[in-house]
Amino acid sequence: MKKISFIGAGSITEAIIAGLTQSMNGQSIMVSNRNNRSRLLDLQTMYGVTFTQNTEELVNNADLVILAVKPKDAAEAIKSIKDYVHQEQLIISLMAGVSTESLTNLLEQNNPIIRAMPNTSAAILKSATALSPSIHATGLHIEMATSIFEKIGLVSVVTEEQMHAVTALSGSGPAYIYYVVEAMEKAASKIGLCENVAKPLILQTMIGAAEMLMETPKHPSVLRKEITSPGGTTEAGIGVLEHHDFQNILVRCITRATIRSQELGEGLTQLLNKK
Ligand SMILES: NC(=O)C1=CN([C@@H]2O[C@H](COP(=O)(O)OP(=O)(O)OC[C@H]3O[C@@H](n4cnc5c(N)ncnc54)[C@H](OP(=O)(O)O)[C@@H]3O)[C@@H](O)[C@H]2O)C=CC1
Ligand SMILES: O=C(O)[C@@H]1CCC=N1
């Protein structure tokens, strides 16, 4: 069993741990953060993982180290581990936008690095995770990362250039869906349905539509047209979405998130260039 150490104990770390511990022993996972000890105690209680705030112990204990801090904290987090990291140790970074080149510069050694972009559905083994290897990562490192992220959902290997787009699409993706559900819940209340009635109907509608997309070869627009009777309710509703250019708004949303990923990476590159 590979030993995994997480630097950062926030939302995505918890989602991955919740997923991984369904098939592996929590004792193989060590977690750390910067200050919040009670958060580490909570993760230990909930998932049986171990924790430390001693970075030497954290790194020495691990076959692979997962960096799960915000991009703005990358430099500080890597500084705290770089003296303990062995050159062959696999580093997996979950950070949006941060390039393997920046990570290598911060580490000041040529470790194999793999960027991974999972999403919080990891908690229920439904993450869509993209992996992209650095030039120092071999096929064996990609296999090692794949075997871990496959435990929590689907894995796709992409190029590093594609990581900004993947971050915007599937890393942030669950949030867009939750936003739509929030709107459907508001609508349900406005049209007179209580939460007890509306919520299961909304969720089953979401699941049913997602599974139809998985199981039929039909294009989403064809599935949509099958629901849209001429002069009916769906046509009336979609007419409002089209009037407000809803699809284009979603395209703009995902494009803006892609640019934000680039900006997050450039922030760190500029910091490194100033040194
Ligand atoms: N949330 C998501 O859905 C996804 C997030 N990501 C990426 O994962 C990363 C983490 O995101 P998320 O979990 O949401 O963030 P959170 O803000 O929830 O958690 C950040 C964690 O990092 C810790 N931390 C900060 N600085 C240091 C440091 N120097 N050393 C050790 N630990 C430190 C914090 O500890 P403390 O509280 O003690 O300060 C906290 O536990 C981000 O880079 C993000 O881009 C990727 C995919 C999905
Ligand atoms: O919002 C963020 O920056 C991170 C990356 C993908 C999901 N959450």
# chains A, B, ... in the order shown; residues from 1 in each chain; ligands from 1
>>> residues_near_ligand(ligand="ligand 1", cutoff="6 Å", atoms="only C-alpha atoms and all ligand atoms", output="VMD selection string")
chain A and resid 7 to 13 33 to 36 68 to 71 73 76 to 77 94 to 96 117 to 120 171
>>> residues_around(residues="A:Asp63", least_positions_apart="2", cutoff="10 Å", atoms="only C-alpha atoms", output="JSON, numbers by chain")
{"A": [1, 2, 3, 4, 5, 28, 59, 60, 61, 65, 86, 88, 89, 90, 91]}
>>> closest_residue(among="A:Leu125, A:Val166, A:Val240, A:Met24", to="ligand 2", atoms="only C-alpha atoms and all ligand atoms")
A:Val166
>>> closest_residue(among="A:Ile202, A:Ala145, A:Ile17, A:Ile259", to="ligand 2", atoms="only C-alpha atoms and all ligand atoms")
A:Ile259
>>> select_by_dssp(residues="stretch 34-217 of chain A", states="alpha helix (DSSP H)", output="ChimeraX atom specification")
/A:37-47,55-60,74-81,100-107,139-149,163-166,173-190,195-215
>>> atom_distance(atom1="atom CA of A:Cys194", atom2="atom CA of A:Tyr178")
18.9 Å
>>> residues_around(residues="A:Gly173", least_positions_apart="6", cutoff="12 Å", atoms="only C-alpha atoms", output="list in words")
Met117, Pro118, Asn119, Thr120, Ser121, Ser127, Ala128, Thr129, Ala165, Val166, Thr167, Tyr179, Val180, Leu250, Cys253, Ile254, Ala257 and Thr258 of chain A
>>> write_last_selection(atoms="C-alpha atoms", output="mmCIF file, in the first residue's frame")
data_model
loop_
_atom_site.group_PDB
_atom_site.id
_atom_site.type_symbol
_atom_site.label_atom_id
_atom_site.label_comp_id
_atom_site.auth_asym_id
_atom_site.auth_seq_id
_atom_site.Cartn_x
_atom_site.Cartn_y
_atom_site.Cartn_z
ATOM 1 C CA MET A 117 -7.181 18.250 -11.196
ATOM 2 C CA PRO A 118 -9.856 16.255 -9.364
ATOM 3 C CA ASN A 119 -13.191 17.574 -8.157
ATOM 4 C CA THR A 120 -15.058 17.301 -4.867
ATOM 5 C CA SER A 121 -17.207 14.410 -6.139
ATOM 6 C CA SER A 127 -14.415 12.588 -9.381
ATOM 7 C CA ALA A 128 -13.473 13.457 -12.946
ATOM 8 C CA THR A 129 -9.704 13.799 -12.535
ATOM 9 C CA ALA A 165 -9.212 24.348 -19.501
ATOM 10 C CA VAL A 166 -9.736 21.160 -17.491
ATOM 11 C CA THR A 167 -9.604 23.143 -14.238
ATOM 12 C CA TYR A 179 -25.561 26.781 -8.839
ATOM 13 C CA VAL A 180 -28.207 25.511 -11.282
ATOM 14 C CA LEU A 250 -22.065 29.387 -19.647
ATOM 15 C CA CYS A 253 -18.291 31.459 -17.407
ATOM 16 C CA ILE A 254 -15.990 28.566 -18.336
ATOM 17 C CA ALA A 257 -12.484 30.387 -15.217
ATOM 18 C CA THR A 258 -9.842 29.187 -17.718
#
>>> atom_distance(atom1="atom CA of A:Ser147", atom2="atom CA of A:Leu64")
12.5 Å
>>> closest_residue(among="A:Ile81, A:Ile114, A:Ile16, A:Ala168", to="ligand 2", atoms="only C-alpha atoms and all ligand atoms")
A:Ala168
>>> atom_distance(atom1="atom CA of A:Glu161", atom2="atom CA of A:Leu131")
11.5 Å
>>> select_by_dssp(residues="stretch 9-58 of chain A", states="strand (DSSP E)", output="ChimeraX atom specification")
/A:29-32,50-51
>>> residues_around(residues="A:Glu143", least_positions_apart="4", cutoff="12 Å", atoms="only C-alpha atoms", output="compact mmCIF listing (two decimals) with N, CA and C atoms, in the first residue's frame")
# COMPACT_ATOMS: atom_id res chain seq x y z
N LEU A 90 7.64 11.15 -5.70
CA LEU A 90 6.63 11.72 -6.60
C LEU A 90 5.84 12.81 -5.87
N ILE A 114 3.48 15.40 -10.96
CA ILE A 114 2.27 15.24 -11.77
C ILE A 114 1.24 16.23 -11.26
N LEU A 131 -4.95 14.26 -15.21
CA LEU A 131 -3.55 14.22 -14.77
C LEU A 131 -2.68 14.74 -15.90
N SER A 132 -1.65 15.51 -15.54
CA SER A 132 -0.64 15.85 -16.56
C SER A 132 0.75 15.75 -15.93
N PRO A 133 1.63 14.99 -16.59
CA PRO A 133 2.96 14.76 -16.01
C PRO A 133 3.97 15.85 -16.39
N ALA A 137 8.57 13.10 -14.98
CA ALA A 137 7.72 11.98 -14.55
C ALA A 137 7.73 10.91 -15.65
N THR A 138 7.87 9.65 -15.23
CA THR A 138 7.89 8.54 -16.19
C THR A 138 6.51 7.88 -16.27
N GLY A 139 6.43 6.89 -17.15
CA GLY A 139 5.19 6.13 -17.27
C GLY A 139 4.81 5.48 -15.94
N SER A 147 -3.40 4.99 -10.50
CA SER A 147 -3.98 3.95 -9.62
C SER A 147 -4.60 4.58 -8.37
N ILE A 148 -4.07 5.71 -7.94
CA ILE A 148 -4.67 6.38 -6.77
C ILE A 148 -5.96 7.11 -7.15
N PHE A 149 -5.89 7.90 -8.23
CA PHE A 149 -7.08 8.70 -8.57
C PHE A 149 -8.20 7.84 -9.16
N GLU A 150 -7.86 6.67 -9.71
CA GLU A 150 -8.92 5.77 -10.19
C GLU A 150 -9.77 5.23 -9.04
N VAL A 155 -10.32 8.84 -14.54
CA VAL A 155 -9.03 9.53 -14.73
C VAL A 155 -8.77 9.72 -16.22
N SER A 156 -8.30 10.91 -16.57
CA SER A 156 -7.95 11.19 -17.96
C SER A 156 -6.58 11.87 -17.97
N VAL A 157 -5.66 11.40 -18.82
CA VAL A 157 -4.34 12.04 -18.89
C VAL A 157 -4.36 13.09 -20.00
>>> closest_residue(among="A:Ser32, A:Val181, A:Leu20, A:Ile249", to="A:Gln204", atoms="only C-alpha atoms")
A:Val181
